[in-house]
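Colleague: Dropping in protein24.txt, which is compact mmCIF, C-alpha atoms and all ligand atoms:
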```txt
# COMPACT_ATOMS: atom_id res chain seq x y z
CA MET A 1 22.05 -43.80 -48.88
CA MET A 2 22.16 -47.52 -49.43
CA ASN A 3 19.11 -49.68 -48.76
CA ILE A 4 19.92 -53.34 -48.26
CA LEU A 5 17.44 -56.18 -48.13
CA VAL A 6 18.84 -58.79 -45.74
CA VAL A 7 17.40 -62.23 -46.37
CA ASN A 8 17.63 -65.40 -44.27
CA CYS A 9 15.90 -68.35 -45.95
CA GLY A 10 14.92 -71.49 -44.05
CA SER A 11 13.13 -74.57 -45.36
CA SER A 12 9.64 -73.09 -45.02
CA SER A 13 10.38 -69.56 -43.87
CA ILE A 14 12.10 -66.35 -44.89
CA LYS A 15 13.22 -63.79 -42.30
CA TYR A 16 14.10 -60.41 -43.73
CA GLN A 17 15.13 -56.92 -42.74
CA PHE A 18 15.27 -53.86 -44.92
CA ILE A 19 18.09 -51.68 -43.65
CA GLU A 20 19.51 -48.29 -44.63
CA ALA A 21 23.07 -49.40 -44.04
CA GLU A 22 24.94 -46.09 -43.87
CA SER A 23 22.88 -44.82 -40.94
CA ASN A 24 22.08 -48.31 -39.61
CA THR A 25 18.34 -47.61 -39.77
CA ARG A 26 15.97 -50.53 -39.99
CA LEU A 27 13.18 -49.50 -42.32
CA ALA A 28 11.18 -52.73 -42.05
CA LYS A 29 11.48 -56.31 -40.92
CA GLY A 30 9.38 -59.37 -41.37
CA LEU A 31 8.86 -63.05 -41.61
CA VAL A 32 7.21 -65.31 -44.15
CA GLU A 33 6.14 -68.59 -42.54
CA ARG A 34 4.67 -71.87 -43.76
CA ILE A 35 5.95 -71.49 -47.33
CA GLY A 36 4.54 -74.34 -49.39
CA MET A 37 2.01 -75.28 -46.68
CA SER A 38 -1.55 -74.29 -46.01
CA GLY A 39 -2.02 -71.04 -44.10
CA ALA A 40 1.18 -69.33 -45.21
CA LEU A 41 1.67 -66.04 -43.37
CA LEU A 42 3.68 -62.90 -44.00
CA THR A 43 4.19 -60.48 -41.13
CA ASN A 44 5.82 -57.14 -41.89
CA THR A 45 6.64 -54.49 -39.31
CA ARG A 46 7.65 -51.03 -40.45
CA HIS A 47 10.04 -48.72 -38.56
CA ASP A 48 7.03 -46.88 -37.09
CA ASN A 49 5.65 -50.22 -35.79
CA ASP A 50 2.90 -50.35 -38.40
CA THR A 51 2.36 -54.11 -38.67
CA ILE A 52 0.59 -56.02 -41.38
CA LYS A 53 -0.18 -59.72 -41.61
CA LEU A 54 -1.04 -61.36 -44.92
CA THR A 55 -2.26 -64.90 -45.31
CA GLY A 56 -2.56 -66.78 -48.55
CA GLU A 57 -1.07 -69.34 -50.84
CA ILE A 58 2.68 -68.92 -50.88
CA LEU A 59 3.87 -71.90 -52.84
CA ASP A 60 7.62 -71.41 -52.91
CA HIS A 61 10.49 -69.10 -52.01
CA GLY A 62 10.10 -67.23 -55.32
CA MET A 63 6.53 -66.35 -54.50
CA ALA A 64 7.50 -65.43 -50.95
CA ILE A 65 10.07 -62.91 -52.22
CA GLU A 66 7.43 -61.52 -54.59
CA TYR A 67 5.13 -60.94 -51.58
CA VAL A 68 7.93 -59.34 -49.55
CA LEU A 69 8.67 -56.93 -52.40
CA ALA A 70 4.97 -56.16 -52.79
CA VAL A 71 4.71 -55.27 -49.09
CA LEU A 72 7.85 -53.11 -49.15
CA LEU A 73 6.37 -51.29 -52.16
CA SER A 74 2.79 -51.12 -50.91
CA LYS A 75 1.16 -47.72 -50.65
CA ASN A 76 -0.19 -48.08 -47.12
CA HIS A 77 2.33 -50.32 -45.42
CA GLY A 78 5.46 -49.99 -47.55
CA VAL A 79 8.68 -48.02 -47.24
CA ILE A 80 9.72 -47.50 -50.87
CA LYS A 81 8.04 -46.39 -54.09
CA ASP A 82 10.12 -48.27 -56.61
CA LYS A 83 12.18 -51.48 -56.71
CA SER A 84 15.20 -49.38 -57.69
CA GLU A 85 15.27 -48.13 -54.09
CA ILE A 86 16.55 -51.57 -53.10
CA HIS A 87 20.27 -51.20 -53.79
CA ALA A 88 21.49 -54.68 -52.88
CA VAL A 89 20.45 -57.95 -51.26
CA GLY A 90 22.54 -59.63 -48.56
CA HIS A 91 21.92 -63.31 -47.96
CA ARG A 92 22.75 -65.32 -44.89
CA VAL A 93 24.28 -68.53 -46.20
CA VAL A 94 24.94 -71.29 -43.70
CA HIS A 95 27.83 -73.17 -45.26
CA GLY A 96 30.68 -71.69 -47.27
CA ALA A 97 33.03 -74.64 -46.70
CA GLU A 98 36.69 -73.78 -47.36
CA ASP A 99 35.70 -71.87 -50.48
CA PHE A 100 34.53 -68.77 -48.62
CA ALA A 101 36.50 -67.24 -45.80
CA GLY A 102 34.56 -64.03 -46.16
CA SER A 103 31.51 -62.40 -47.72
CA VAL A 104 31.27 -62.37 -51.52
CA LEU A 105 29.37 -60.92 -54.43
CA ILE A 106 27.20 -63.77 -55.70
CA THR A 107 28.17 -64.53 -59.29
CA ASP A 108 27.16 -67.58 -61.30
CA ALA A 109 30.46 -69.21 -60.28
CA VAL A 110 29.73 -68.55 -56.59
CA LEU A 111 26.24 -69.98 -56.96
CA GLN A 112 27.75 -73.08 -58.55
CA SER A 113 30.17 -73.56 -55.71
CA LEU A 114 27.29 -73.22 -53.21
CA ARG A 115 25.53 -75.97 -55.14
CA ASP A 116 28.70 -78.07 -55.03
CA ASN A 117 28.69 -77.78 -51.24
CA ILE A 118 25.04 -78.76 -50.71
CA GLU A 119 26.06 -82.13 -49.33
CA LEU A 120 27.85 -80.42 -46.45
CA ALA A 121 24.70 -78.59 -45.33
CA PRO A 122 21.74 -80.47 -46.78
CA LEU A 123 19.30 -78.92 -44.30
CA HIS A 124 20.27 -75.31 -44.95
CA ASN A 125 22.14 -74.50 -48.15
CA PRO A 126 19.39 -75.63 -50.57
CA HIS A 127 17.00 -73.07 -49.04
CA ASN A 128 19.64 -70.36 -49.03
CA ILE A 129 20.22 -71.09 -52.72
CA ARG A 130 16.48 -70.95 -53.39
CA GLY A 131 16.38 -67.49 -51.80
CA ILE A 132 19.24 -66.28 -53.96
CA VAL A 133 17.64 -67.60 -57.14
CA ALA A 134 14.30 -66.02 -56.19
CA CYS A 135 15.91 -62.62 -55.58
CA LYS A 136 17.86 -62.86 -58.85
CA GLN A 137 14.58 -63.52 -60.61
CA HIS A 138 12.67 -60.62 -59.07
CA LEU A 139 15.55 -58.15 -58.74
CA PRO A 140 17.67 -59.12 -61.74
CA ASP A 141 19.88 -56.02 -61.89
CA ILE A 142 20.58 -55.70 -58.19
CA PRO A 143 23.82 -57.02 -56.68
CA GLN A 144 23.52 -59.93 -54.27
CA VAL A 145 26.02 -60.78 -51.58
CA GLY A 146 26.50 -63.97 -49.58
CA VAL A 147 27.55 -63.81 -45.91
CA PHE A 148 28.51 -67.18 -44.50
CA ASP A 149 27.99 -68.65 -41.02
CA THR A 150 31.22 -70.59 -41.40
CA ALA A 151 33.45 -67.75 -42.70
CA PHE A 152 34.55 -66.25 -39.37
CA HIS A 153 35.92 -69.62 -38.23
CA GLN A 154 38.07 -70.14 -41.31
CA SER A 155 40.94 -68.61 -39.32
CA MET A 156 41.22 -71.75 -37.16
CA ASP A 157 44.50 -73.66 -37.30
CA PRO A 158 44.61 -77.30 -38.44
CA HIS A 159 45.18 -78.49 -34.87
CA ALA A 160 41.77 -77.03 -34.01
CA PHE A 161 39.86 -77.94 -37.14
CA LEU A 162 41.03 -81.48 -37.94
CA TYR A 163 39.44 -84.57 -36.40
CA GLY A 164 41.47 -87.57 -35.27
CA ILE A 165 40.40 -89.75 -38.17
CA PRO A 166 42.41 -90.71 -41.27
CA TYR A 167 43.58 -87.50 -42.91
CA VAL A 168 42.42 -88.67 -46.30
CA PHE A 169 38.78 -88.00 -45.30
CA TYR A 170 39.57 -84.32 -44.93
CA LYS A 171 40.54 -84.16 -48.60
CA LYS A 172 38.09 -86.73 -49.90
CA TYR A 173 34.92 -85.54 -48.14
CA LYS A 174 36.00 -82.14 -46.71
CA ILE A 175 35.53 -83.50 -43.19
CA ARG A 176 36.82 -80.97 -40.66
CA ARG A 177 35.50 -78.55 -38.05
CA TYR A 178 33.81 -75.62 -39.81
CA GLY A 179 31.89 -74.02 -36.97
CA PHE A 180 28.70 -71.99 -37.37
CA HIS A 181 27.05 -68.82 -35.97
CA GLY A 182 30.20 -67.07 -37.24
CA THR A 183 28.46 -63.79 -38.03
CA SER A 184 27.14 -63.67 -34.47
CA HIS A 185 30.50 -64.53 -32.85
CA PHE A 186 32.12 -61.86 -35.03
CA TYR A 187 29.54 -59.23 -34.12
CA VAL A 188 29.39 -59.80 -30.36
CA SER A 189 33.18 -60.09 -29.93
CA ASN A 190 33.72 -56.80 -31.77
CA ARG A 191 30.87 -55.10 -29.96
CA MET A 192 32.26 -56.30 -26.61
CA ALA A 193 35.66 -54.79 -27.43
CA GLU A 194 33.90 -51.52 -28.29
CA LEU A 195 31.97 -51.57 -25.02
CA MET A 196 35.20 -52.24 -23.11
CA ASN A 197 36.79 -49.39 -25.03
CA ARG A 198 39.73 -51.59 -25.99
CA PRO A 199 41.01 -52.65 -29.43
CA ILE A 200 39.90 -56.18 -30.25
CA SER A 201 43.48 -56.86 -31.40
CA GLU A 202 44.49 -56.92 -27.69
CA LEU A 203 41.67 -59.03 -26.32
CA LYS A 204 41.04 -62.71 -25.67
CA ILE A 205 37.27 -63.15 -25.75
CA ILE A 206 35.06 -66.19 -25.28
CA THR A 207 31.70 -65.78 -27.00
CA CYS A 208 28.69 -67.91 -25.98
CA HIS A 209 25.85 -67.91 -28.50
CA LEU A 210 23.08 -69.73 -26.64
CA GLY A 211 19.79 -70.05 -28.52
CA ASN A 212 17.96 -73.10 -29.83
CA GLY A 213 21.29 -73.90 -31.43
CA CYS A 214 24.23 -73.16 -29.15
CA SER A 215 27.91 -72.59 -29.86
CA MET A 216 30.92 -70.95 -28.27
CA ALA A 217 34.04 -69.50 -29.84
CA ALA A 218 37.51 -68.60 -28.64
CA VAL A 219 38.21 -65.24 -30.28
CA LYS A 220 41.87 -64.30 -29.86
CA TYR A 221 42.79 -60.79 -31.03
CA GLY A 222 39.74 -60.75 -33.30
CA GLN A 223 40.30 -64.18 -34.89
CA SER A 224 38.29 -67.31 -34.17
CA VAL A 225 40.84 -69.90 -32.97
CA ASP A 226 38.33 -72.55 -31.94
CA THR A 227 34.59 -73.15 -31.79
CA THR A 228 32.33 -75.84 -30.37
CA MET A 229 30.22 -76.67 -33.43
CA GLY A 230 32.07 -78.86 -35.87
CA PHE A 231 31.58 -80.57 -39.20
CA THR A 232 27.88 -79.98 -38.58
CA PRO A 233 25.99 -77.87 -36.03
CA LEU A 234 25.54 -80.97 -33.85
CA GLU A 235 28.82 -80.89 -31.93
CA GLY A 236 29.69 -79.12 -28.72
CA LEU A 237 27.19 -77.69 -26.26
CA LEU A 238 23.94 -79.30 -25.21
CA MET A 239 21.19 -77.63 -27.28
CA GLY A 240 17.39 -77.54 -27.44
CA THR A 241 17.10 -80.81 -29.33
CA ARG A 242 20.72 -81.57 -30.35
CA SER A 243 23.01 -83.75 -28.29
CA GLY A 244 26.27 -81.82 -28.61
CA ASP A 245 29.44 -83.73 -27.71
CA LEU A 246 29.24 -87.46 -27.30
CA ASP A 247 31.32 -90.58 -27.76
CA PRO A 248 30.88 -91.30 -31.50
CA GLN A 249 30.87 -95.02 -30.80
CA LEU A 250 27.67 -94.78 -28.79
CA ILE A 251 25.55 -93.88 -31.79
CA LEU A 252 26.84 -96.92 -33.65
CA TYR A 253 25.96 -98.98 -30.57
CA ILE A 254 22.41 -97.57 -30.39
CA MET A 255 21.93 -98.05 -34.13
CA GLY A 256 22.86 -101.71 -33.71
CA LYS A 257 20.68 -102.27 -30.65
CA GLU A 258 17.62 -100.43 -32.00
CA GLY A 259 18.10 -101.27 -35.66
CA LEU A 260 18.10 -97.60 -36.65
CA SER A 261 18.71 -96.37 -40.17
CA LEU A 262 21.11 -93.51 -40.90
CA ALA A 263 18.16 -91.13 -41.24
CA GLU A 264 16.65 -92.28 -37.93
CA ALA A 265 19.95 -91.91 -36.12
CA THR A 266 20.34 -88.41 -37.58
CA THR A 267 16.88 -87.49 -36.31
CA LEU A 268 17.61 -88.98 -32.88
CA LEU A 269 20.73 -86.85 -32.41
CA ASN A 270 19.38 -83.66 -33.97
CA LYS A 271 15.71 -83.59 -32.98
CA HIS A 272 15.18 -85.78 -29.92
CA SER A 273 18.28 -85.14 -27.84
CA GLY A 274 19.62 -82.16 -25.87
CA LEU A 275 17.38 -80.40 -23.32
CA MET A 276 14.36 -82.18 -24.84
CA GLY A 277 15.87 -85.65 -24.72
CA ILE A 278 17.18 -85.35 -21.17
CA SER A 279 14.22 -83.56 -19.57
CA GLY A 280 11.46 -85.27 -21.54
CA VAL A 281 9.62 -81.98 -21.00
CA SER A 282 10.76 -79.31 -23.43
CA SER A 283 13.52 -78.02 -25.67
CA ASP A 284 12.74 -74.49 -24.56
CA MET A 285 14.95 -73.06 -21.81
CA ARG A 286 12.12 -71.00 -20.30
CA GLU A 287 10.12 -74.16 -19.69
CA ILE A 288 13.19 -76.02 -18.44
CA GLU A 289 13.73 -73.24 -15.90
CA GLN A 290 10.09 -73.30 -14.80
CA GLU A 291 10.19 -77.08 -14.36
CA THR A 292 13.51 -76.87 -12.53
CA GLU A 293 11.94 -74.49 -10.06
CA ALA A 294 9.04 -76.90 -9.68
CA ASN A 295 11.65 -79.56 -8.80
CA HIS A 296 11.22 -81.68 -11.90
CA ASP A 297 14.27 -83.96 -11.58
CA ARG A 298 15.09 -84.46 -15.22
CA ALA A 299 14.54 -80.79 -16.12
CA LYS A 300 16.99 -79.97 -13.33
CA ILE A 301 19.59 -82.36 -14.71
CA ALA A 302 19.09 -80.94 -18.23
CA PHE A 303 19.61 -77.41 -16.89
CA GLU A 304 22.74 -78.42 -14.99
CA MET A 305 24.16 -80.31 -17.97
CA PHE A 306 23.55 -77.28 -20.16
CA CYS A 307 25.39 -74.92 -17.81
CA TYR A 308 28.15 -77.40 -17.00
CA ARG A 309 29.13 -77.74 -20.64
CA VAL A 310 29.32 -73.98 -21.09
CA THR A 311 31.48 -73.75 -17.95
CA LYS A 312 33.71 -76.57 -19.15
CA TYR A 313 34.29 -74.95 -22.55
CA ILE A 314 35.11 -71.62 -20.89
CA GLY A 315 37.94 -73.49 -19.15
CA ALA A 316 39.00 -75.14 -22.40
CA TYR A 317 39.00 -71.88 -24.36
CA THR A 318 40.84 -70.02 -21.63
CA ALA A 319 43.51 -72.70 -22.02
CA ALA A 320 43.38 -72.50 -25.83
CA MET A 321 44.10 -68.75 -25.70
CA ASN A 322 46.38 -68.86 -22.64
CA GLY A 323 44.04 -66.49 -20.85
CA VAL A 324 40.75 -64.68 -21.17
CA ASP A 325 39.81 -61.00 -20.85
CA ALA A 326 36.11 -61.15 -21.57
CA ILE A 327 33.20 -63.55 -21.84
CA VAL A 328 30.10 -62.62 -23.86
CA PHE A 329 26.61 -64.08 -23.63
CA THR A 330 24.24 -63.75 -26.58
CA GLY A 331 21.31 -65.57 -28.27
CA GLY A 332 17.84 -66.08 -26.75
CA ILE A 333 19.21 -67.86 -23.67
CA GLY A 334 22.46 -65.91 -23.36
CA GLU A 335 20.67 -62.57 -23.57
CA ASN A 336 17.68 -63.40 -21.39
CA SER A 337 18.44 -66.15 -18.91
CA THR A 338 19.64 -64.63 -15.65
CA LEU A 339 19.77 -68.14 -14.19
CA VAL A 340 22.05 -69.64 -16.85
CA ARG A 341 24.56 -66.76 -16.62
CA ASP A 342 24.43 -66.95 -12.83
CA HIS A 343 24.99 -70.70 -12.80
CA VAL A 344 27.87 -70.58 -15.29
CA CYS A 345 29.66 -67.58 -13.79
CA SER A 346 29.43 -68.86 -10.23
CA SER A 347 32.11 -71.45 -11.10
CA LEU A 348 34.55 -68.97 -12.63
CA SER A 349 36.07 -67.28 -9.57
CA TYR A 350 39.33 -69.14 -10.37
CA LEU A 351 39.70 -66.71 -13.29
CA GLY A 352 39.56 -63.72 -11.00
CA LEU A 353 36.04 -63.11 -12.26
CA GLU A 354 33.85 -61.16 -9.87
CA PHE A 355 30.26 -61.70 -10.82
CA ASP A 356 27.66 -59.06 -9.95
CA PRO A 357 24.27 -60.73 -9.38
CA GLU A 358 22.44 -57.40 -9.32
CA LYS A 359 23.77 -56.28 -12.68
CA ASN A 360 23.00 -59.76 -13.94
CA ALA A 361 19.38 -59.55 -12.85
CA ASN A 362 18.60 -56.02 -14.06
CA GLY A 363 19.79 -53.46 -16.50
CA PRO A 364 19.80 -52.48 -20.14
CA LYS A 365 19.88 -55.24 -22.75
CA GLU A 366 23.53 -54.54 -23.46
CA ARG A 367 25.57 -54.51 -20.25
CA PHE A 368 28.41 -55.90 -18.14
CA VAL A 369 27.44 -58.30 -15.36
CA THR A 370 30.75 -58.34 -13.49
CA LYS A 371 32.02 -55.90 -10.86
CA ASN A 372 34.03 -52.96 -12.20
CA ASP A 373 37.38 -54.32 -10.97
CA SER A 374 36.76 -57.92 -12.07
CA ARG A 375 39.83 -59.38 -13.84
CA VAL A 376 37.54 -60.87 -16.51
CA THR A 377 34.63 -58.82 -17.83
CA VAL A 378 31.40 -60.66 -18.59
CA GLY A 379 29.03 -58.94 -21.02
CA VAL A 380 25.51 -59.47 -22.30
CA VAL A 381 25.42 -58.36 -25.93
CA PRO A 382 22.31 -58.86 -28.09
CA THR A 383 23.51 -60.25 -31.39
CA ASN A 384 22.87 -58.45 -34.67
CA GLU A 385 23.71 -60.69 -37.59
CA GLU A 386 21.51 -58.66 -39.94
CA LEU A 387 23.59 -55.54 -39.35
CA VAL A 388 26.80 -57.41 -40.20
CA ILE A 389 25.18 -58.73 -43.39
CA ALA A 390 23.94 -55.25 -44.35
CA LEU A 391 27.33 -53.60 -43.74
CA ASP A 392 29.27 -56.33 -45.53
CA THR A 393 26.87 -56.12 -48.47
CA MET A 394 27.22 -52.34 -48.66
CA SER A 395 31.03 -52.57 -48.61
CA ILE A 396 31.14 -55.20 -51.32
CA VAL A 397 28.84 -53.19 -53.56
CA LYS A 398 31.09 -50.16 -53.05
CA GLY A 399 34.18 -52.25 -53.85
CA GLU A 400 35.51 -51.95 -50.28
CA LEU A 401 36.76 -54.64 -47.93
CA PRO A 402 33.75 -55.83 -45.86
CA PRO A 403 33.97 -55.04 -42.10
CA SER A 404 33.83 -58.73 -41.18
CA MET A 405 37.04 -59.30 -43.16
CA ARG A 406 39.08 -56.34 -41.96
CA ASN A 407 40.75 -58.23 -39.11
CA MET A 408 41.28 -61.34 -41.14
CA VAL A 409 44.86 -62.51 -41.27
CA LYS A 410 44.63 -65.94 -42.73
CA ASN A 411 42.52 -68.74 -44.02
CA THR A 412 44.26 -72.03 -43.42
CA VAL A 413 43.59 -74.72 -45.96
CA LEU A 414 45.87 -77.73 -46.05
CA ASP A 415 47.39 -79.04 -49.26
CA PRO A 416 45.84 -82.09 -50.82
CA VAL A 417 47.34 -85.48 -50.06
CA ASP A 418 47.76 -88.14 -52.69
P1 LIG A 501 17.27 -69.46 -32.38
O1 LIG A 501 18.55 -70.18 -32.09
O2 LIG A 501 16.22 -70.34 -33.00
O3 LIG A 501 17.46 -68.11 -33.07
P2 LIG A 501 16.81 -67.91 -29.97
O4 LIG A 501 18.16 -67.28 -30.05
O5 LIG A 501 15.62 -67.04 -30.08
O6 LIG A 501 16.65 -69.13 -30.96
O7 LIG A 501 16.75 -68.67 -28.56
C1 LIG A 501 15.67 -69.44 -28.17
C2 LIG A 501 15.91 -69.91 -26.75
O8 LIG A 501 16.00 -68.78 -25.89
C3 LIG A 501 14.81 -70.82 -26.21
O9 LIG A 501 15.38 -71.91 -25.51
C4 LIG A 501 14.12 -69.90 -25.23
O10 LIG A 501 13.53 -70.58 -24.16
C5 LIG A 501 15.28 -69.07 -24.71
N1 LIG A 501 14.81 -67.86 -24.02
C6 LIG A 501 14.19 -66.78 -24.53
N2 LIG A 501 13.85 -65.91 -23.53
C7 LIG A 501 14.27 -66.47 -22.38
C8 LIG A 501 14.23 -66.09 -20.99
N3 LIG A 501 13.67 -64.94 -20.61
N4 LIG A 501 14.77 -66.93 -20.09
C9 LIG A 501 15.33 -68.08 -20.46
N5 LIG A 501 15.41 -68.50 -21.73
C10 LIG A 501 14.88 -67.72 -22.68
```
Could the structure of this file be written out as structure tokens, please?

Modeller:
Amino acid sequence: MMNILVVNCGSSSIKYQFIEAESNTRLAKGLVERIGMSGALLTNTRHDNDTIKLTGEILDHGMAIEYVLAVLLSKNHGVIKDKSEIHAVGHRVVHGAEDFAGSVLITDAVLQSLRDNIELAPLHNPHNIRGIVACKQHLPDIPQVGVFDTAFHQSMDPHAFLYGIPYVFYKKYKIRRYGFHGTSHFYVSNRMAELMNRPISELKIITCHLGNGCSMAAVKYGQSVDTTMGFTPLEGLLMGTRSGDLDPQLILYIMGKEGLSLAEATTLLNKHSGLMGISGVSSDMREIEQETEANHDRAKIAFEMFCYRVTKYIGAYTAAMNGVDAIVFTGGIGENSTLVRDHVCSSLSYLGLEFDPEKNANGPKERFVTKNDSRVTVGVVPTNEELVIALDTMSIVKGELPPSMRNMVKNTVLDPVD
């Protein structure tokens, strides 16, 4: 038996799951919100659905972890009697740069290299680091493992990960495509192969992770060969509040015209663009769909732009892999929006894809939405990043190769230039 605490730290929140990894049993899950603000809240749900909400002063991530441990240990709502029943902690870490092509045991040297990479992910890595430090403090003798959002995409070739700017910036500032949501793209591509009853080593799969943040990946024979997010999670698809692809010159133009600072321009592209910026109504796809049905013009355009970009990248990634066997939808939108899948797949008959609107509209959460003899199979696969983190953590603690690294053939890093 190996109980793993899976931790995902944001700026003011911690999501966690407590998982018995060998049997894949979730013992508890929860969320700490509003850390460092008034009205901080911890919600814990046990495997038997017993739910407890605690409010109070939770000043920092250290205190939040203390509360989480107290709940897991509590007599009435807990699942363990002693801290020693937590065998390891697995952390979601957003950015591993080129240093981490797979999950690792967090040593002092690893922690230092995470600190060295803070500049690459200033909005995420500092909180991930805080979570690690907090767990080290409260569970000092328990191994901690880092699982990186960028790791799965480290298999990309230079032609996919370099930008067309002077090469020196790659070496000087580590500017390249990293890609994100890697744990999710890894999980859903492998799960899709399982559902198709085919080895992933034979399949060309396009994965669409569509949530508040959205990204797609071209997964050829189990390796990520390209992905839409880039140096930061801003590139690629249209998202809730992020612009996705644009002509880089236009932001310089707007900055000049509006006299924007770097920080203001960053906010414009990350917080006020995407579905929100186009529709002027909402960043939330459910509301965009409601407004589209009510014939709100700009919501309609936002919806169409969203779907068009997914469709366009499916074409691009089919070309990148010289074919496609399967397309997977995941994330809040990918898993739940019948309309988005319908809209995207209705332009894919050129692939020999035979969409099945009935299967798309109804069925279990995990299912195919194409006809049985369709040349390309489209699947809906709920993502499960926590399971990947738990299984990787268990393997590392046991000294085995983590599942997410078993298909890995290479990690391409170019030599430095002088
Ligand atoms: P995050 O990226 O923050 O984890 P999620 O993966 O939960 O977010 O995705 C959130 C998005 O999923 C929101 O845009 C939300 O509107 C959308 N969504 C959730 N349920 C539905 C639904 N039934 N129909 C359409 N969109 C949905």

Colleague: With only C-alpha atoms as the atoms that count, which of A:Arg375, A:Leu387, A:Ser283, A:Asn270 lies nearest to Ala21 of chain A?

Modeller: A:Leu387

Colleague: Which protein, DNA or RNA residues have an atom within 10 Å of ligand LIG 501 (chain A), counting all atoms listed in the file, as JSON, numbers by chain?

Modeller: {"A": [181, 209, 210, 211, 212, 213, 214, 215, 239, 240, 241, 275, 282, 283, 284, 285, 286, 287, 288, 289, 290, 330, 331, 332, 333, 334, 335, 336, 337, 338, 339, 340, 382, 383]}

Colleague: May I have the residues within 7 Å of Gly222 of chain A as a list in words, using only C-alpha atoms and disregarding those fewer than 3 positions away in the same chain?

Modeller: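 So, after excluding close chain neighbours, the residues are Ile200, Ser201, Val219 and Asn407 of chain A.
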
Colleague: Calculated over all atoms listed in the file, which of the candidates A:Leu72, A:Ile58, A:Leu252, A:Ile65 has the smallest distance to Phe18 of chain A?

Modeller: A:Leu72

Colleague: In Å, how far is it from atom CA of Phe368 of chain A to atom CA of Gly182 of chain A?

Modeller: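 Interatomic distance here is 22.2 Å.
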
Colleague: Mind pulling up the distance from atom CA of Leu42 of chain A to atom CA of Ile80 of chain A?

Modeller: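 Between atom CA of Ile80 of chain A and atom CA of Leu42 of chain A the gap is 17.9 Å.
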
Colleague: Show which residues sit within 9 Å of Ser13 of chain A, as a count of residues only. Count all atoms listed in the file, and ignore same-chain residues fewer than 6 positions away.

Modeller: 7

Colleague: Taking all atoms listed in the file into account, name the residue in A:Phe148, A:Phe186, A:Tyr67, A:Phe329 that is nearest to Ile106 of chain A.

Modeller: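 Nearest candidate to Ile106 of chain A out of A:Phe148, A:Phe186, A:Tyr67, A:Phe329: A:Phe148.
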
Colleague: Rounded to one decimal in Å, what is the spacing between atom CA of Pro233 of chain A and atom CA of Phe180 of chain A?

Modeller: 6.6 Å

Colleague: Which is closest to Ile142 of chain A among A:Asp373, A:Glu98, A:Glu85, A:Glu194, if we use only C-alpha atoms?

Modeller: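 Checking each candidate against Ile142 of chain A, we get A:Glu85 as the closest.
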